[in-house]
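Dumped coords28.cif below, it's mmCIF, C-alpha atoms:
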data_protein
loop_
_atom_site.label_atom_id
_atom_site.label_comp_id
_atom_site.auth_asym_id
_atom_site.auth_seq_id
_atom_site.Cartn_x
_atom_site.Cartn_y
_atom_site.Cartn_z
CA MET A 8 37.89 -61.21 8.46
CA ASN A 9 34.13 -61.34 8.49
CA GLN A 10 32.96 -62.49 5.04
CA ASP A 11 29.33 -61.56 5.85
CA ALA A 12 30.10 -57.88 6.31
CA ALA A 13 27.83 -55.59 4.31
CA PRO A 14 29.34 -54.16 1.12
CA PRO A 15 30.46 -50.57 1.42
CA LEU A 16 27.89 -47.97 0.57
CA PRO A 17 28.41 -46.03 -2.64
CA THR A 18 30.57 -43.04 -1.90
CA ALA A 19 28.83 -39.74 -1.89
CA LEU A 20 30.30 -36.28 -2.01
CA SER A 21 31.04 -34.93 1.43
CA VAL A 22 29.79 -31.53 2.47
CA SER A 23 33.24 -30.06 1.93
CA ASP A 24 33.48 -31.60 -1.56
CA ARG A 25 30.13 -30.44 -2.76
CA LYS A 26 30.62 -26.91 -1.54
CA SER A 27 34.02 -26.37 -3.08
CA GLU A 28 33.61 -27.14 -6.76
CA PHE A 29 31.10 -27.17 -9.57
CA VAL A 30 31.82 -29.87 -12.11
CA PRO A 31 30.00 -29.83 -15.43
CA VAL A 32 28.32 -33.05 -16.47
CA SER A 33 27.06 -34.08 -19.88
CA GLY A 34 23.74 -35.78 -20.38
CA GLY A 35 22.60 -35.19 -16.84
CA GLN A 36 18.94 -35.74 -16.14
CA GLU A 37 16.84 -32.63 -15.89
CA THR A 38 14.15 -33.08 -13.34
CA THR A 39 10.96 -31.10 -13.45
CA SER A 40 11.56 -29.71 -10.01
CA ALA A 41 14.94 -28.26 -11.00
CA VAL A 42 13.39 -26.44 -13.96
CA GLY A 43 10.53 -25.28 -11.78
CA LEU A 44 12.89 -23.98 -9.12
CA LEU A 45 15.06 -22.25 -11.72
CA LEU A 46 12.09 -20.57 -13.40
CA THR A 47 10.62 -19.53 -10.06
CA ALA A 48 13.95 -18.03 -9.01
CA TYR A 49 14.36 -16.07 -12.26
CA VAL A 50 10.76 -14.85 -12.27
CA LEU A 51 10.91 -13.75 -8.63
CA MET A 52 14.25 -11.99 -9.08
CA TRP A 53 13.06 -10.05 -12.10
CA ALA A 54 9.70 -9.32 -10.50
CA VAL A 55 11.57 -7.65 -7.64
CA VAL A 56 13.60 -5.51 -10.08
CA PHE A 57 10.72 -4.55 -12.38
CA GLY A 58 8.42 -3.87 -9.43
CA PHE A 59 11.04 -1.60 -7.90
CA VAL A 60 11.61 0.29 -11.17
CA TRP A 61 7.86 0.62 -11.77
CA LEU A 62 7.24 1.99 -8.26
CA THR A 63 10.20 4.37 -8.60
CA ALA A 64 9.02 5.68 -11.98
CA GLY A 65 5.48 6.23 -10.64
CA LYS A 66 6.70 8.11 -7.59
CA GLN A 67 9.13 10.20 -9.67
CA LYS A 68 6.28 11.19 -11.99
CA ARG A 69 4.08 12.28 -9.06
CA LEU A 70 6.93 14.20 -7.44
CA ASP A 71 7.82 15.98 -10.69
CA ALA A 72 4.20 17.02 -11.26
CA ARG A 73 3.89 18.35 -7.71
CA LEU A 74 7.26 20.13 -7.94
CA ARG A 75 6.23 21.84 -11.19
CA HIS A 76 3.01 22.99 -9.52
CA VAL A 77 4.80 24.43 -6.48
CA GLU A 78 7.57 26.07 -8.51
CA LYS A 79 4.99 27.65 -10.81
CA ALA A 80 3.20 29.07 -7.80
CA LEU A 81 6.49 30.48 -6.50
CA ALA A 82 7.34 31.88 -9.93
CA ARG A 83 3.97 33.68 -10.03
CA LEU A 84 4.83 35.26 -6.69
CA ASP A 85 8.17 36.40 -8.15
CA GLU A 86 6.39 38.00 -11.11
CA THR A 87 3.84 39.82 -8.98
CA SER A 88 6.44 41.06 -6.51
CA SER A 89 8.67 42.40 -9.30
CA GLU A 90 5.88 44.42 -10.89
CA PRO A 91 6.12 48.16 -10.15
CA MET B 16 17.89 35.73 -6.00
CA SER B 17 14.31 34.90 -6.88
CA VAL B 18 12.07 32.87 -4.61
CA ALA B 19 11.65 30.09 -7.19
CA SER B 20 15.35 29.62 -7.79
CA SER B 21 16.13 29.59 -4.08
CA THR B 22 14.36 26.22 -3.75
CA THR B 23 16.90 24.54 -5.99
CA SER B 24 19.99 25.99 -4.39
CA SER B 25 20.56 23.21 -1.85
CA GLY B 26 18.37 20.48 -3.30
CA GLY B 27 20.45 19.74 -6.37
CA ARG B 28 19.33 18.02 -9.56
CA LEU B 29 20.28 14.68 -11.00
CA THR B 30 19.42 14.48 -14.64
CA ALA B 31 19.92 11.74 -17.19
CA GLY B 32 23.55 11.66 -18.23
CA PRO B 33 26.13 9.36 -19.81
CA ALA B 34 26.29 7.07 -16.77
CA TRP B 35 22.53 6.62 -16.87
CA ALA B 36 22.49 5.86 -20.61
CA PHE B 37 25.46 3.50 -20.34
CA GLY B 38 23.95 1.67 -17.39
CA LEU B 39 20.56 1.26 -19.04
CA LEU B 40 22.00 0.03 -22.34
CA ALA B 41 24.50 -2.28 -20.66
CA ALA B 42 21.84 -3.73 -18.37
CA THR B 43 19.31 -4.33 -21.16
CA PHE B 44 21.64 -5.88 -23.74
CA GLY B 45 23.85 -7.48 -21.12
CA PHE B 46 21.01 -9.37 -19.48
CA ALA B 47 19.57 -10.53 -22.79
CA TYR B 48 22.95 -11.89 -23.86
CA HIS B 49 23.62 -13.28 -20.40
CA LEU B 50 20.39 -15.27 -20.37
CA TRP B 51 21.07 -16.64 -23.85
CA PHE B 52 24.61 -17.60 -22.83
CA ILE B 53 23.52 -19.33 -19.61
CA PHE B 54 21.01 -21.55 -21.37
CA THR B 55 22.91 -22.30 -24.56
CA LYS B 56 26.62 -22.27 -23.71
CA THR B 57 26.97 -23.05 -20.03
CA PRO B 58 27.08 -26.74 -19.09
CA GLU B 59 24.94 -28.17 -16.37
CA ALA B 60 26.67 -28.69 -13.03
CA GLN B 61 26.85 -31.91 -11.04
CA ALA B 62 23.76 -33.09 -9.19
CA ALA B 63 25.25 -32.28 -5.78
CA ALA B 64 25.42 -28.61 -6.80
CA GLY B 65 21.78 -28.64 -7.89
CA GLY B 66 22.17 -29.84 -11.49
CA PHE B 67 20.08 -27.64 -13.77
CA ALA B 68 19.01 -25.47 -10.83
CA GLN B 69 22.68 -24.47 -10.39
CA LYS B 70 22.10 -21.96 -13.24
CA ILE B 71 20.54 -19.77 -10.53
CA PHE B 72 24.15 -19.23 -9.44
CA TYR B 73 24.87 -16.91 -12.41
CA PHE B 74 22.40 -14.34 -11.07
CA HIS B 75 22.52 -15.20 -7.39
CA VAL B 76 26.23 -14.45 -6.86
CA PRO B 77 26.29 -11.24 -8.96
CA ALA B 78 23.19 -10.04 -7.07
CA ALA B 79 25.07 -10.60 -3.80
CA TYR B 80 28.00 -8.63 -5.23
CA ALA B 81 25.61 -5.82 -6.25
CA LEU B 82 24.30 -5.84 -2.68
CA TYR B 83 27.87 -5.23 -1.48
CA LEU B 84 28.27 -2.46 -4.06
CA SER B 85 25.05 -0.73 -2.98
CA GLY B 86 26.09 -1.16 0.64
CA VAL B 87 29.41 0.55 -0.06
CA VAL B 88 27.59 3.48 -1.72
CA CYS B 89 25.30 3.70 1.31
CA PHE B 90 28.29 3.51 3.67
CA VAL B 91 30.36 6.19 1.93
CA ALA B 92 27.41 8.57 1.51
CA SER B 93 26.29 8.01 5.12
CA CYS B 94 29.80 8.66 6.46
CA LEU B 95 30.07 11.83 4.38
CA TYR B 96 26.60 12.91 5.54
CA LEU B 97 27.60 12.48 9.17
CA VAL B 98 30.69 14.64 8.54
CA ARG B 99 28.86 17.36 6.60
CA PRO B 100 25.14 16.95 5.86
CA THR B 101 23.89 17.78 2.37
CA ASN B 102 20.80 16.71 0.45
CA ALA B 103 22.91 14.91 -2.16
CA ARG B 104 24.77 12.83 0.42
CA ASP B 105 21.53 11.95 2.13
CA ALA B 106 20.00 11.00 -1.23
CA TRP B 107 22.86 8.68 -2.15
CA GLY B 108 22.83 7.07 1.30
CA LYS B 109 19.10 6.48 1.02
CA ALA B 110 19.46 5.19 -2.55
CA GLY B 111 22.24 2.83 -1.48
CA ALA B 112 20.11 1.34 1.30
CA GLU B 113 17.04 0.94 -0.93
CA THR B 114 19.05 -0.68 -3.71
CA ALA B 115 20.75 -2.95 -1.19
CA VAL B 116 17.31 -4.13 -0.08
CA VAL B 117 16.36 -4.93 -3.68
CA PHE B 118 19.53 -6.93 -4.32
CA GLY B 119 19.17 -8.53 -0.90
CA LEU B 120 15.68 -9.69 -1.85
CA MET B 121 17.05 -11.08 -5.12
CA VAL B 122 19.66 -13.07 -3.20
CA LEU B 123 17.20 -14.18 -0.55
CA THR B 124 14.64 -15.40 -3.09
CA SER B 125 17.03 -17.12 -5.48
CA GLY B 126 19.26 -18.73 -2.83
CA PRO B 127 16.61 -20.80 -1.04
CA LEU B 128 15.22 -22.09 -4.36
CA TRP B 129 18.67 -23.29 -5.37
CA ALA B 130 19.30 -24.64 -1.85
CA LYS B 131 16.14 -26.73 -2.05
CA LYS B 132 17.70 -28.64 -4.94
CA ALA B 133 21.31 -28.70 -3.73
CA TRP B 134 20.80 -29.12 0.02
CA GLY B 135 17.25 -30.45 0.21
CA VAL B 136 16.03 -27.54 2.34
CA TYR B 137 14.99 -23.99 1.52
CA TRP B 138 16.73 -22.45 4.49
CA THR B 139 19.30 -23.38 7.07
CA TRP B 140 20.83 -21.17 9.73
CA ASP B 141 24.19 -21.28 7.99
CA PRO B 142 26.56 -18.44 9.05
CA ARG B 143 26.53 -16.77 5.63
CA LEU B 144 22.78 -17.00 5.22
CA THR B 145 22.18 -15.69 8.72
CA THR B 146 24.60 -12.75 8.42
CA LEU B 147 23.16 -11.85 5.02
CA LEU B 148 19.63 -11.88 6.41
CA LEU B 149 20.74 -9.69 9.30
CA SER B 150 22.37 -7.22 6.93
CA VAL B 151 19.31 -7.00 4.68
CA LEU B 152 17.09 -6.49 7.73
CA LEU B 153 19.32 -3.58 8.80
CA TYR B 154 18.88 -1.95 5.39
CA VAL B 155 15.13 -2.60 5.57
CA ALA B 156 15.15 -0.90 8.99
CA MET B 157 16.94 2.10 7.49
CA VAL B 158 14.44 2.35 4.62
CA LEU B 159 11.44 2.04 6.97
CA LEU B 160 12.97 4.59 9.32
CA ARG B 161 13.23 7.11 6.49
CA ARG B 162 9.77 6.25 5.21
CA PHE B 163 7.83 6.60 8.44
CA THR B 164 9.73 8.98 10.73
CA GLY B 165 9.87 12.12 8.63
CA ASP B 166 12.75 13.90 6.96
CA GLY B 167 14.25 15.98 9.73
CA ASN B 168 17.96 16.35 10.38
CA ALA B 169 17.86 14.01 13.40
CA GLU B 170 16.10 11.28 11.42
CA ARG B 171 18.56 11.66 8.57
CA ARG B 172 21.53 11.37 10.90
CA PHE B 173 20.07 8.36 12.64
CA ALA B 174 19.45 6.69 9.28
CA ALA B 175 23.01 7.52 8.21
CA ALA B 176 24.30 5.79 11.36
CA PHE B 177 22.19 2.78 10.39
CA GLY B 178 23.72 2.91 6.92
CA VAL B 179 27.21 2.77 8.39
CA LEU B 180 26.26 -0.07 10.73
CA GLY B 181 24.58 -2.11 7.97
CA THR B 182 27.66 -2.01 5.81
CA THR B 183 30.08 -3.01 8.54
CA ILE B 184 28.35 -6.41 8.49
CA LEU B 185 29.14 -6.97 4.78
CA PRO B 186 32.74 -8.19 5.33
CA ILE B 187 31.41 -10.57 7.99
CA ILE B 188 29.01 -12.07 5.41
CA HIS B 189 31.86 -12.50 2.97
CA TYR B 190 34.26 -14.16 5.40
CA SER B 191 31.68 -16.05 7.45
CA VAL B 192 32.12 -19.26 5.45
CA ARG B 193 35.86 -19.23 6.02
CA LEU B 194 35.50 -18.25 9.67
CA TRP B 195 32.70 -20.55 10.73
CA GLY B 196 32.26 -23.12 7.94
CA GLY B 197 28.69 -24.05 7.08
CA ASN B 198 26.93 -25.38 4.00
CA HIS B 199 27.32 -22.37 1.77
CA PRO B 200 29.61 -23.01 -1.24
CA THR B 201 33.01 -21.37 -1.51
CA VAL B 202 33.43 -22.17 -5.18
CA VAL B 203 34.91 -18.94 -6.44
CA THR B 204 36.69 -17.80 -3.31
CA LYS B 205 39.92 -18.95 -1.73
CA GLY B 206 39.94 -22.68 -1.05
CA GLY B 207 37.21 -23.48 -3.56
CA GLY B 208 37.72 -25.76 -6.53
CA GLY B 209 36.61 -23.13 -8.99
CA LEU B 210 34.24 -23.49 -11.90
CA GLY B 211 34.88 -26.64 -13.89
CA SER B 212 34.26 -25.10 -17.29
CA PRO B 213 35.45 -21.85 -18.90
CA ALA B 214 31.86 -21.17 -20.01
CA MET B 215 30.79 -21.21 -16.35
CA SER B 216 33.42 -18.58 -15.51
CA GLN B 217 32.40 -16.47 -18.50
CA ALA B 218 28.73 -16.61 -17.50
CA LEU B 219 29.62 -15.54 -13.97
CA GLY B 220 31.81 -12.70 -15.29
CA MET B 221 28.95 -11.50 -17.48
CA GLY B 222 26.69 -11.65 -14.47
CA PHE B 223 29.01 -9.37 -12.53
CA PHE B 224 29.14 -6.87 -15.40
CA THR B 225 25.41 -6.74 -16.02
CA MET B 226 24.55 -6.62 -12.33
CA THR B 227 26.96 -3.68 -11.92
CA ALA B 228 25.13 -1.89 -14.73
CA LEU B 229 21.79 -2.64 -13.10
CA ALA B 230 23.09 -1.38 -9.75
CA VAL B 231 24.22 1.89 -11.39
CA VAL B 232 20.80 2.35 -13.01
CA LEU B 233 18.88 1.63 -9.80
CA LEU B 234 21.16 3.82 -7.70
CA LEU B 235 20.75 6.72 -10.14
CA LEU B 236 16.98 6.28 -10.23
CA ARG B 237 16.62 6.26 -6.47
CA ALA B 238 19.13 9.09 -5.85
CA ARG B 239 17.26 11.21 -8.39
CA LEU B 240 13.98 10.42 -6.65
CA ALA B 241 15.40 11.29 -3.22
CA LEU B 242 16.81 14.59 -4.54
CA SER B 243 13.47 15.48 -6.11
CA ASP B 244 11.78 14.69 -2.81
CA SER B 245 14.17 17.00 -0.93
CA ARG B 246 13.63 19.80 -3.43
CA LEU B 247 9.87 19.39 -3.21
CA ARG B 248 9.91 19.54 0.59
CA GLU B 249 11.97 22.73 0.50
CA ALA B 250 9.76 24.29 -2.16
CA GLU B 251 6.59 23.37 -0.27
CA GLU B 252 7.95 24.72 2.99
CA LEU B 253 8.76 28.01 1.29
CA ALA B 254 5.47 28.16 -0.59
CA TYR B 255 3.34 27.49 2.50
CA GLY B 256 5.44 29.96 4.48
CA LEU B 257 4.82 32.67 1.88
CA GLY B 258 1.16 31.78 1.62
CA VAL B 259 1.49 30.87 -2.06
CA LEU B 260 -0.05 27.46 -1.51
CA GLY B 261 -3.36 27.09 0.25
CA ALA B 262 -4.92 24.33 2.28
CA ASP B 263 -6.49 22.91 -0.89
CA ASP B 264 -3.01 22.35 -2.40
CA GLU B 265 -2.47 18.97 -0.87
CA ALA B 266 0.74 17.05 -1.25
CA PRO B 267 0.50 13.90 -3.41
#
Output the structure of this file as structure tokens.
Amino acid sequence: MNQDAAPPLPTALSVSDRKSEFVPVSGGQETTSAVGLLLTAYVLMWAVVFGFVWLTAGKQKRLDARLRHVEKALARLDETSSEP
Amino acid sequence: MSVASSTTSSGGRLTAGPAWAFGLLAATFGFAYHLWFIFTKTPEAQAAAGGFAQKIFYFHVPAAYALYLSGVVCFVASCLYLVRPTNARDAWGKAGAETAVVFGLMVLTSGPLWAKKAWGVYWTWDPRLTTLLLSVLLYVAMVLLRRFTGDGNAERRFAAAFGVLGTTILPIIHYSVRLWGGNHPTVVTKGGGGLGSPAMSQALGMGFFTMTALAVVLLLLRARLALSDSRLREAEELAYGLGVLGADDEAP
């Protein structure tokens, strides 16, 4: 047996291991990049939702105003046509 | 029947009701509690899963589920529209596609940021990522089609066909990891090791509940908008036809 052989490398999780389970750890190091990525993800996700709701509310308001205007005009026609 | 009331006969109305109130309340309080729970009760995952960045998971997966939910609404409404067209069916199909795009964007923005930490890259042409992107692009195509090609019956039917097609891809997204492997985790599906802490499972469960509530709210908002749009088009058509509206009455 070759005594000069390099020591085995520290074992790392294989692709199949790391994709099949989440294991909680205690006292794990929080890196700045992880916090940054997490915050960016949350901010972007909620920006998408709030932006969508804001655009929807604005469009609904414009449509309602226009619909009221058109229906009023039609109602006036009803009134004038029903007069003797 | 009066002229004014005739404009509402086929357009339908969708007003605020119990589902709307429940969805709004559940989404607001649910998300506040969910966020608090994620950051105070849920343990950090192992480094290989992204460590602290793994907390993206509690919104990422429920958003993907909400995408499926919106896709199913789009699919059912589109199928029904193709069988018998009505404004309501068209509105729900349109709302389903639009909401699916929103949840798709949530998944596609949160996923790469988590992947950067867990995999070292923002994007890889993994089967699940690729099929999800394809599905979202189909819904985007449906939304753009409706936005820029008018609101005629032919356009509506074509968009409904798109809605059916977009949703047939959803099962492929779900089973792509099992069928073709890839990097994407299979933690909570068959063959996965599960979540190593009960708090992780609870946080995920809460995510599913609150994202369902958000999906209900968004679907109601967009269906209501689409119905109002249909009613307005009918009313305008009638009003211009009768000469009630002039050239100076421009649409918004």
Counting only C-alpha atoms, figure out which residue out of A:Leu74, A:Gly65, A:Phe57, A:Gly43 gets nearest to chain B. A:Leu74
If I take atom CA of B:Leu247 and atom CA of A:Ala82, how far is one from the other in Å, to one decimal?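 Taking atom CA of B:Leu247 and atom CA of A:Ala82, their separation equals 14.4 Å.
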For B:Gly222, list every protein, DNA or RNA residue within 6 Å, evaluated using all atoms listed in the file, and leave out those in the same chain fewer than 4 positions away; present the list as a VMD selection string. chain B and resid 73 77 226
Point-to-point distance from atom CA of B:Phe224 to atom CA of A:Leu45, Å rounded to tenths: 21.2 Å
Care to translate the PyMOL selection byres ((chain B and resi 56) around 12) into actual residues of this file, as a PDB file with C-alpha atoms, in the frame of the given file?
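Saved file expr23.pdb follows:
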ATOM      1  CA  PRO A  31      30.000 -29.830 -15.430  1.00  0.00           C
TER       2      PRO A  31
ATOM      3  CA  TYR B  48      22.950 -11.890 -23.860  1.00  0.00           C
ATOM      4  CA  HIS B  49      23.620 -13.280 -20.400  1.00  0.00           C
ATOM      5  CA  LEU B  50      20.390 -15.270 -20.370  1.00  0.00           C
ATOM      6  CA  TRP B  51      21.070 -16.640 -23.850  1.00  0.00           C
ATOM      7  CA  PHE B  52      24.610 -17.600 -22.830  1.00  0.00           C
ATOM      8  CA  ILE B  53      23.520 -19.330 -19.610  1.00  0.00           C
ATOM      9  CA  PHE B  54      21.010 -21.550 -21.370  1.00  0.00           C
ATOM     10  CA  THR B  55      22.910 -22.300 -24.560  1.00  0.00           C
ATOM     11  CA  THR B  57      26.970 -23.050 -20.030  1.00  0.00           C
ATOM     12  CA  PRO B  58      27.080 -26.740 -19.090  1.00  0.00           C
ATOM     13  CA  GLU B  59      24.940 -28.170 -16.370  1.00  0.00           C
ATOM     14  CA  LYS B  70      22.100 -21.960 -13.240  1.00  0.00           C
ATOM     15  CA  SER B 212      34.260 -25.100 -17.290  1.00  0.00           C
ATOM     16  CA  PRO B 213      35.450 -21.850 -18.900  1.00  0.00           C
ATOM     17  CA  ALA B 214      31.860 -21.170 -20.010  1.00  0.00           C
ATOM     18  CA  MET B 215      30.790 -21.210 -16.350  1.00  0.00           C
ATOM     19  CA  SER B 216      33.420 -18.580 -15.510  1.00  0.00           C
ATOM     20  CA  GLN B 217      32.400 -16.470 -18.500  1.00  0.00           C
ATOM     21  CA  ALA B 218      28.730 -16.610 -17.500  1.00  0.00           C
TER      22      ALA B 218
END
Hey, which of B:Gly135, B:Ala79, B:Leu257, B:Phe223 ends up closest to A:Asp85? Count all atoms listed in the file.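 Between B:Gly135, B:Ala79, B:Leu257, B:Phe223, the residue approaching A:Asp85 most closely is B:Leu257.
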For the provided coordinates, the residues matched by the PyMOL selection byres ((chain B and resi 237) around 10) should be stated as a list in words. Phe59, Val60, Thr63, Ala64 and Gln67 of chain A; Ala106, Trp107, Gly108, Lys109, Ala110, Gly111, Ala112, Glu113, Thr114, Val232, Leu233, Leu234, Leu235, Leu236, Ala238, Arg239, Leu240, Ala241, Leu242 and Ser243 of chain B
Could you expand the PyMOL selection byres ((chain B and resi 140-143) around 7) into the explicit residues it covers here, written as an MDAnalysis selection string? chainID B and resid 138:139 144:147 188 191:192 195 197:199
Please list as an MDAnalysis selection string every residue within 7 Å of B:Ala41, counting all atoms listed in the file and excluding residues in the same chain fewer than 4 positions away. chainID B and resid 37 45 225 228
Generate the output file for the selected residues, C-alpha atoms, as a tab-separated table (two decimals), keeping the file's coordinate frame.
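Result written to part-v1.tsv:
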chain	number	residue	atom	x	y	z
B	37	PHE	CA	25.46	3.50	-20.34
B	45	GLY	CA	23.85	-7.48	-21.12
B	225	THR	CA	25.41	-6.74	-16.02
B	228	ALA	CA	25.13	-1.89	-14.73
What does the structure give for the distance between atom CA of B:Val151 and atom CA of B:Thr227, in Å to one decimal?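 Rounded to one decimal, the two atoms are 18.6 Å apart.
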Using only C-alpha atoms: which of B:Gly86, B:Gly119, B:Pro100, B:Gly65 has the shortest distance to B:Gly181: B:Gly86
Of the candidates B:Ala174, B:Val158, B:Leu95, B:Ala230, which shows the shortest atom-to-atom distance to chain A, using all atoms listed in the file?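 That would be B:Ala230, the residue with the smallest distance to chain A.
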